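Quick notes on the structure that follows.
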Amino acid sequence: MPLREEVLDSLKTHPCYNEDAHRKFARMHLPVAPRCNIQCNYCNRKYDCSNESRPGVTSEVLSPTEAIEKIRTVKEKIPELKVIAIAGPGDPLANEETFQVMDMVRKEFPDMTLCVSTNGLMLPKYAQRLFDVGIRFVTVTMNGVDTAVTEQVYSHVIWEGKSLSGKEAAQRLLENQLEGIKKCVDLGMAVKINIVLIPGINEDHIPELVKKVKELGVYIVNILPLIPVEGTKFSDMEPPTPESRKRLMDLCAGDVKMMRHCKQCRADAIGLLGEDRSSEFIRENPCGSGCGPSSNNINVHFNTGNEIRTVAVASELGDKVDSGFGNTKRFVIYRTDGKTATFLNEKNVDTDCKVYGKSHSEHIEAIADMLFDCDAVIVKEIGPRPLSLLQSKGKRVIISDDDVVKAVIDASKS
Ligand code: CLF
Ligand code: SF4
């Protein structure tokens, strides 16, 4: 079925499906979906869903009511907001909250375009239900149409109460993805396929996958680079080069419309693509974050104006800044006069944290407390919640992946 009239209209202002719209119109992700029903080998769910988000943390998981309240606030401050979406941190279709909140959004904000991103396992069952709550834009992450390829990507799939693995898991997921996509297309929805480009596993297979989804009538394809995430089977893989990804996109562009402006955003992203404003809208009652990297603050320095003397560096090996604030196992503490850096001691972190909920929040606060005598904190990555927390305690936060000593000396100059 061709795209529905209202979908064609919404396409004009959807920042992901329409490149011309992405500098003018904003989207807001509602992080209401923490559970997942499969395990991708590139995903450490301690971090985030890689379907639609770089493996950066979501700062919070919201209830449907909290999400609605947040939309009210965001809408006032960001009038260009056009799209409300759910993209994790788990799979939206494994969470009943997805349907509850979208139904509420449709009723209270009928002018918003609704969008979800899923692994597709439950799509045959829920395509109609998504449609009924007003969703017209559906992204499915697929990494192949050959189970010999995809069985390398998924370690298990939970289906009808059983945990499937190997070919059986890959086959079930693939069949459901294909059937679900067809249903969405038949309903006149705009379907996007996200493909994670995994060197050595699916790069040669992607053109075949793109041809297949084109046959099914998808609107656009997005090829994302693998981001190797700590604690996953693929953590030691090399990510694809930008050139190899571009080559693949060029090759496939003859078959289907290709998205080239994806920012691999967080599950709680807010604002224009590439200008994430989620940290402006974090609730005062922190559920914590930081057990993982936040991508959006990289290379941004936050200067509180304090004179730097004692600096804590998230470094497990001790030579480079190599860890994020929430997942580092230790901080090395240095003192600097701006020309030299002297090692003082190290502080070990209790890493047994849970991502969502109080204990994680306490974990983040405990780390911040542990660093009470440091003027600055240097980390490879940090989420907005621990960032705000540190700043509220008067710490300077510096994002770096430099050598420790250099980063410490530079900290006193920044
Ligand atoms: Fe969100 Fe995805 Fe909808 Fe966009 S993101 S659910 S389609 S509103 Fe967009 Fe972000 Fe890329 Fe996703 S830039 S990660 S493609
Ligand atoms: Fe992780 Fe998303 Fe895959 Fe689930 S679907 S395992 S949350 S990347």
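Chain labels A, B, ... are given in the sequence in which chains occur in the structure tokens; within each chain residues are numbered consecutively from 1, and ligands are likewise numbered from 1 in the order shown.
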As a list in words, list the residues of region 183-301 of chain A assigned to strand (DSSP E) by DSSP on the backbone atoms of this structure.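 Taking region 183-301 of chain A and keeping strand (DSSP E) gives Ala190, Val191, Lys192, Ile193, Asn194, Ile195, Val196, Leu197, Ile220, Val221, Asn222, Ile223, Leu224, Pro225, Met258, Met259, Ile270, Gly271 and His301 of chain A.
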Surrounding residues of Phe372 (chain A) excluding itself and chain neighbours under 6 positions, 10 Å, only C-alpha atoms, as a list in words: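 Residues near the query, excluding close chain neighbours: Ala366, Leu390, Lys393, Gly394 and Lys395 of chain A.
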Residues near region 178-183 of chain A, anyone? I mean within 9 Å using only C-alpha atoms, not counting same-chain ones fewer than 5 positions away, as number ranges by chain. A: 120-128, 138, 140, 145, 173, 188-189, 191, 213, 216-218
Pull N, CA, C and O atoms from the residues just selected and write them as an mmCIF file, in the first residue's frame.
data_model
loop_
_atom_site.group_PDB
_atom_site.id
_atom_site.type_symbol
_atom_site.label_atom_id
_atom_site.label_comp_id
_atom_site.auth_asym_id
_atom_site.auth_seq_id
_atom_site.Cartn_x
_atom_site.Cartn_y
_atom_site.Cartn_z
ATOM 1 N N GLY A 120 11.948 -5.870 15.925
ATOM 2 C CA GLY A 120 11.016 -6.519 14.996
ATOM 3 C C GLY A 120 10.453 -7.845 15.460
ATOM 4 O O GLY A 120 9.548 -8.398 14.819
ATOM 5 N N LEU A 121 10.955 -8.374 16.582
ATOM 6 C CA LEU A 121 10.487 -9.701 17.000
ATOM 7 C C LEU A 121 8.971 -9.730 17.214
ATOM 8 O O LEU A 121 8.299 -10.670 16.816
ATOM 9 N N MET A 122 8.446 -8.692 17.829
ATOM 10 C CA MET A 122 7.010 -8.682 18.152
ATOM 11 C C MET A 122 6.190 -7.888 17.134
ATOM 12 O O MET A 122 5.013 -7.612 17.367
ATOM 13 N N LEU A 123 6.800 -7.544 16.021
ATOM 14 C CA LEU A 123 6.099 -6.683 15.064
ATOM 15 C C LEU A 123 4.876 -7.351 14.411
ATOM 16 O O LEU A 123 3.843 -6.690 14.232
ATOM 17 N N PRO A 124 4.948 -8.647 14.062
ATOM 18 C CA PRO A 124 3.731 -9.247 13.484
ATOM 19 C C PRO A 124 2.552 -9.139 14.443
ATOM 20 O O PRO A 124 1.427 -8.864 14.043
ATOM 21 N N LYS A 125 2.829 -9.328 15.710
ATOM 22 C CA LYS A 125 1.756 -9.285 16.698
ATOM 23 C C LYS A 125 1.256 -7.850 16.916
ATOM 24 O O LYS A 125 0.064 -7.635 17.134
ATOM 25 N N TYR A 126 2.165 -6.893 16.865
ATOM 26 C CA TYR A 126 1.797 -5.551 17.312
ATOM 27 C C TYR A 126 1.692 -4.482 16.216
ATOM 28 O O TYR A 126 1.413 -3.322 16.531
ATOM 29 N N ALA A 127 1.896 -4.834 14.964
ATOM 30 C CA ALA A 127 1.839 -3.795 13.909
ATOM 31 C C ALA A 127 0.501 -3.056 13.949
ATOM 32 O O ALA A 127 0.445 -1.822 13.936
ATOM 33 N N GLN A 128 -0.570 -3.819 14.016
ATOM 34 C CA GLN A 128 -1.896 -3.191 14.015
ATOM 35 C C GLN A 128 -2.093 -2.335 15.266
ATOM 36 O O GLN A 128 -2.665 -1.238 15.213
ATOM 37 N N VAL A 138 7.863 3.487 11.656
ATOM 38 C CA VAL A 138 8.417 2.326 12.366
ATOM 39 C C VAL A 138 9.801 2.008 11.808
ATOM 40 O O VAL A 138 9.976 1.854 10.595
ATOM 41 N N VAL A 140 12.879 -0.762 11.918
ATOM 42 C CA VAL A 140 13.241 -2.126 12.321
ATOM 43 C C VAL A 140 14.741 -2.290 12.111
ATOM 44 O O VAL A 140 15.253 -1.998 11.025
ATOM 45 N N VAL A 145 19.540 -11.116 6.052
ATOM 46 C CA VAL A 145 18.398 -11.963 5.680
ATOM 47 C C VAL A 145 18.864 -13.399 5.457
ATOM 48 O O VAL A 145 18.179 -14.201 4.831
ATOM 49 N N LEU A 173 13.663 -14.673 14.520
ATOM 50 C CA LEU A 173 13.725 -13.211 14.446
ATOM 51 C C LEU A 173 13.530 -12.743 13.008
ATOM 52 O O LEU A 173 12.737 -11.839 12.727
ATOM 53 N N GLY A 188 0.247 1.129 5.389
ATOM 54 C CA GLY A 188 0.560 2.471 4.864
ATOM 55 C C GLY A 188 1.497 3.258 5.751
ATOM 56 O O GLY A 188 1.600 4.478 5.669
ATOM 57 N N MET A 189 2.202 2.552 6.646
ATOM 58 C CA MET A 189 3.175 3.232 7.517
ATOM 59 C C MET A 189 4.495 3.408 6.771
ATOM 60 O O MET A 189 4.793 2.663 5.827
ATOM 61 N N VAL A 191 8.284 2.788 6.798
ATOM 62 C CA VAL A 191 9.190 1.872 7.501
ATOM 63 C C VAL A 191 10.628 2.211 7.135
ATOM 64 O O VAL A 191 10.969 2.378 5.968
ATOM 65 N N VAL A 213 14.610 -5.754 1.529
ATOM 66 C CA VAL A 213 13.685 -4.844 2.213
ATOM 67 C C VAL A 213 13.071 -3.855 1.220
ATOM 68 O O VAL A 213 11.948 -3.393 1.415
ATOM 69 N N LEU A 216 10.079 -5.370 -0.066
ATOM 70 C CA LEU A 216 8.978 -5.318 0.902
ATOM 71 C C LEU A 216 8.323 -3.942 0.961
ATOM 72 O O LEU A 216 7.292 -3.780 1.597
ATOM 73 N N GLY A 217 8.958 -2.944 0.348
ATOM 74 C CA GLY A 217 8.346 -1.613 0.278
ATOM 75 C C GLY A 217 8.764 -0.667 1.386
ATOM 76 O O GLY A 217 8.022 0.267 1.713
ATOM 77 N N VAL A 218 9.970 -0.890 1.971
ATOM 78 C CA VAL A 218 10.379 0.051 3.023
ATOM 79 C C VAL A 218 10.700 1.409 2.398
ATOM 80 O O VAL A 218 11.045 1.516 1.217
#
Within-9 Å residues of ligand 1, basis only C-alpha atoms and all ligand atoms, as an MDAnalysis selection string: chainID A and resid 14:17 22 26:29 50:54 83:88 113:118 137:139 192 194 222 224 259:267 269 273:274
Determine which residues of region 104-196 of chain A DSSP labels as alpha helix (DSSP H) from the backbone of this structure, then write them out as an NGL selection string. :A and (104-108 or 123-132 or 147-150 or 166-186)
With only C-alpha atoms as the counted atoms, please give the residues lying no more than 12 Å from Leu251 (chain A), apart from itself and same-chain residues fewer than 5 positions off, as a list of chain:residue names. A:Glu203, A:Asp204, A:Ile206, A:Pro207, A:Glu208, A:Val210, A:Lys211, A:Ile223, A:Ser244, A:Arg245, A:Lys246, A:Val256, A:Lys257, A:Met258
One decimal, in Å: what's the spacing between CA of Leu226 (chain A) and CA of Tyr154 (chain A)?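 According to the coordinates, CA of Leu226 (chain A) and CA of Tyr154 (chain A) are separated by 14.0 Å.
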